[in-house]
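J.: Submitted below is the structure of interest, expressed as structure tokens.
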Amino acid sequence: MTDSTKSKSRTLLGRLRESLAEEGEGQERLDRITQIIAESMECEVCSIYLFRDDETLELCATQGLNPESVHQTRMRLGEGLVGRVAKTSHVVNTADAPSSRGFRFMPETGEEVFPSFLGVPIQRLGERLGVLVVQSREARKFTDDEVYALEVVAMVVAEMTELGAFVGEGAALSARHQQPVLFRGGVGQEGAGMGHVYLHEPRVVVTNPIADDPHAELARLHDAVDILRVSVDEMLATAGNGKGTEHKEQMQVLETYRMFANSKGWMRRMEEDIARGLSAEAAVEKEQSAARTRMGQVTDAYLRERLHDLDDLSNRLLRILTGQGNNTGAEMPEYPVLVARNIGPAELLEYGRKLRGIVLEEGSVGSHAAIVARALAIPLVIHAERITTEALNGDQIMVDGDQGIVHLRPDDNVVEAFKDKIAMLAKEQERYASIRDKPAETLDGKVISLSMNAGLIADLPSLESSGAEGVGLFRTELQFLIRNKMPKRAELAALYTRVIKAAKGQRVVFRTLDIGSDKVLPYMKPQDEPNPALGWRAIRVGLDKPGVMRMQLQALIRASNGKPMTIMFPFIAQFEEYRAARNLLELELKREKRLGHPVPKVEVGAMLETPSLAFAPRKFFEEVGFISIGGNDLKQFFFAADRENERVRKRYDTLNVSFLSLIERIVERCNETDTPVSFCGEDAGRPIEALCFAAMGLRTLSMRPASIGPVKSLLRRANLDQVKAVIDEARARGDQSVRPAIMGWLRGR
């Protein structure tokens with residue numbers, strides 16, 4: 001790139017900045033921009049196409065084409081050369097546009113006399129905004145310098161679009177970040193909440209995309225990169241103090257950061273952007289946008305992770321340059337709804353119960369964040385794509401966790417309807433409170449015990465307020481997941497002691513550490529497994545690496561202080577695993593007794609989460625203290641449908657006749673040996689499902705605290721013999737699911 005080329009580019013950007021600073025409506029600015037670009041690049045045509053919606057591009061300004069086609073010419077994403085640029089985010093540069101793949105002739109524009117075509121995407125941080133095009137009568141291919149110059153201009157147009165420079169009467173665009181937006185995502189935690197957006201990582205806004213002094217901007221970039229490199233080196237030094245292999249993954253990420261921070265190619269591209277006339281911030285964001293575009297196009301998981309690392313590093317550099325970031329001084333609004341791309345369990349716990357809702361661009365139903373959201377009973381919507389790009393701090397937002405829907409900046413009609421829904425839910429909760437201390441006794445005299453699931457000490461106040469008859473599952477892994485190092489035995493013993501005291505004599509079932517699959521401890525080396533849900537997890541880890549499991553058992557024994565205790569082993573797939581785990585517990589009981597510590601009488605159970613255990617020898621059912629059916633895993637293994645895979649997990653109904661028959665058979669086997677059996681999982685907290693489980697013979701269900709009221713309410717109004725008759729009739733007919741029959745019966749009562 002020659003000095004004259006750099007100078008020409010800076011002159012073009014300078015003219016654009018002067019034009020944008022002039023008074024005028026948005027359409028006037030767009031028209032001036034196309035004129036300036038056409039003149040500067042010595043082309044007869046310059047056109048700007050912008051998205052009207054996710055699938056439609058519109059010609060919004062042009063110099064050289066028929067002016068009457070502005071706001072009239074539209075095309076679908078992928079249609080024509082312009083649509084191809086928008087869909088692929090790749091430059092199209094051709095000397096013979098009519099002969100190019102995908103060309104579409106638009107006679108109303110009069111473009112047939114301009115064979116040369118250069119189109120570049122207008123995008124910001126991976127978000128597609130439109131396409132910038134120049135055309136020429138001369139049949140020629142544009143030079144690399146011209147392509148680069150147009151990409152730089154497209155970057156400026158994207159930034160000015162973000163800042164609202166093209167908004168106004170008759171403008172091409174409506175004001176960004178002001179219109180109502182509906183996001184459809186996935187259900188992470190049921191419930192409804194409304195309030196105001198609080199961004200976990202506030203977006204960096206580049207307000208000065210064009211700079212006067214390239215030398216000053218280069219100096220700013222180099223200073224910021226130096227600070228970035230020092231911070232990465234410091235993080236590496238801190239991480240390097242750890243021992244063992246558990247720090248290896250963290251070190252690899254930080255080494256990747258250092259590699260990018262010292263990348264000569266990364267620096268060279270940003271320096272060239274600055275030489276063209278961009279500010280240091282705009283140069284960084286231009287590189288970041290390119291990385292995000294590549295991220296969305298690669299399928300290789302390792303490469304995507306590396307591009308994600310580069311994206312994160314670019315964010316850090318932008319925060320250094322702008323002084324914007326987490327510590328912006330923005331106060332948390334009243335009734336905050338947290339919006340983030342993703343979030344770890346420890347960070348989420350810091351926000352606590354003050355949140356009215358959580359919305360994530362990523363996440364999964366079994367993620368750490370979802371587990372914490374359920375524990376705190378905060379509505380959570382996952383997979384809300386692009387919400388961090390669209391939302392601003394303080395925006396009104398409504399989270400419908402029941403439907404997986406988010407309303408951002410909703411209109412008045414939506415607000416009123418949503419308020420009605422929240423009021424209705426509150427009224428229902430009042431009704432549930434009136435039966436809190438009454439038993440879940442059905443009309444035909446069968447009593448169902450309803451327990452709650454927990455994982456945090458903060459959950460325990462719900463034990464009394466929900467009417468739960470104890471804790472059917474205490475997830476001990478949460479205390480491991482929210483820390484950056486392995487907790488000590490004394491810390492765990494103190495925690496378990498507080499849990500026992502908070503339960504006030506009610507039974508607490510402590511499940512030993514259930515890690516692996518989607519629950520990977522941040523300080524343990526992750527296993528590269530093709531299918532983690534079927535891999536090295538839960539009891540398999542505990543038996544293969546007994547050190548942690550023994551430490552946890554010791555903490556539980558000491559926390560009991562000699563009082564009765566209930567311990568459950570997760571993911572038991574065969575009898576021998578249960579025996580091995582129980583033997584390990586008995587060894588620790590003997591050891592603690594030798595040390596002079598009071599030893600409890602322990603009730604020992606197993607989670608039945610694999611179909612194989614349903615067919616275990618009778619001896620297993622005779623020896624085990626109790627069985628807890630882990631519905632979440634059992635269902636995914638029974639149907640061979642990964643519950644983290646949105647394409648398949650919703651295809652299989654819990655009330656499928658085959659699955660209910662499996663539940664019935666497990667209950668029968670437990671009844672043959674007088675083995676207590678319960679059902680634990682999300683489905684236990686859904687009233688219709690809970691009703692059918694009870695009809696299949698289950699007399700104990702464990703669920704999140706907020707579900708106890710709705711489940712108890714329905715059970716108290718139902719006759720299980722009648723429900724069982726409806727299920728049997730559906731089975732006899734060959735129905736795939738009993739849900740339609742049960743719903744029809746409920747409506748007809």
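By order of appearance in the structure tokens: chains A, B, ..., then residues from 1 within every chain, and ligands from 1 in the order shown.
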Taking the DSSP secondary structure from the backbone, can you list the residues of stretch 350-421 of chain A that are alpha helix (DSSP H), as a ChimeraX atom specification?
T.: /A:350-351,368-376,387-390,412-421
J.: Go ahead and dump the residues you just picked, C-alpha atoms, as a PDB file, in the first residue's frame.
T.:
ATOM      1  CA  GLU A 350     -22.782 -12.669  42.819  1.00  0.00           C
ATOM      2  CA  TYR A 351     -25.901 -11.036  41.373  1.00  0.00           C
ATOM      3  CA  HIS A 368     -24.150 -24.292  35.210  1.00  0.00           C
ATOM      4  CA  ALA A 369     -25.999 -21.005  34.785  1.00  0.00           C
ATOM      5  CA  ALA A 370     -29.303 -22.839  34.301  1.00  0.00           C
ATOM      6  CA  ILE A 371     -28.683 -24.893  37.443  1.00  0.00           C
ATOM      7  CA  VAL A 372     -28.044 -21.742  39.487  1.00  0.00           C
ATOM      8  CA  ALA A 373     -31.044 -19.948  37.919  1.00  0.00           C
ATOM      9  CA  ARG A 374     -33.273 -22.855  38.953  1.00  0.00           C
ATOM     10  CA  ALA A 375     -31.803 -22.833  42.439  1.00  0.00           C
ATOM     11  CA  LEU A 376     -32.582 -19.116  42.734  1.00  0.00           C
ATOM     12  CA  ILE A 387     -29.787  -9.723  22.203  1.00  0.00           C
ATOM     13  CA  THR A 388     -26.471  -8.366  23.528  1.00  0.00           C
ATOM     14  CA  THR A 389     -26.124  -6.412  20.284  1.00  0.00           C
ATOM     15  CA  GLU A 390     -29.634  -5.003  20.450  1.00  0.00           C
ATOM     16  CA  ASP A 412     -47.975  -0.778  25.778  1.00  0.00           C
ATOM     17  CA  ASN A 413     -50.321  -3.588  24.705  1.00  0.00           C
ATOM     18  CA  VAL A 414     -47.654  -6.228  25.284  1.00  0.00           C
ATOM     19  CA  VAL A 415     -46.751  -4.689  28.644  1.00  0.00           C
ATOM     20  CA  GLU A 416     -50.358  -4.793  29.831  1.00  0.00           C
ATOM     21  CA  ALA A 417     -50.816  -8.398  28.699  1.00  0.00           C
ATOM     22  CA  PHE A 418     -47.592  -9.398  30.434  1.00  0.00           C
ATOM     23  CA  LYS A 419     -48.600  -7.640  33.643  1.00  0.00           C
ATOM     24  CA  ASP A 420     -51.856  -9.614  33.540  1.00  0.00           C
ATOM     25  CA  LYS A 421     -49.858 -12.833  33.259  1.00  0.00           C
TER      26      LYS A 421
END
J.: Can you tell me, as a PyMOL selection string, what residues are no more than 7 Å from A:Ile122 when counting only C-alpha atoms, ignoring any on the same chain fewer than 6 positions away?
T.: chain A and resi 128-132+154-155+158
J.: Excluding A:Phe571 and any residue of its chain fewer than 3 positions from it, enumerate the residues within 9 Å of it, using only C-alpha atoms, and give them as a VMD selection string.
T.: chain A and resid 514 537 to 540 606 to 610 630 633
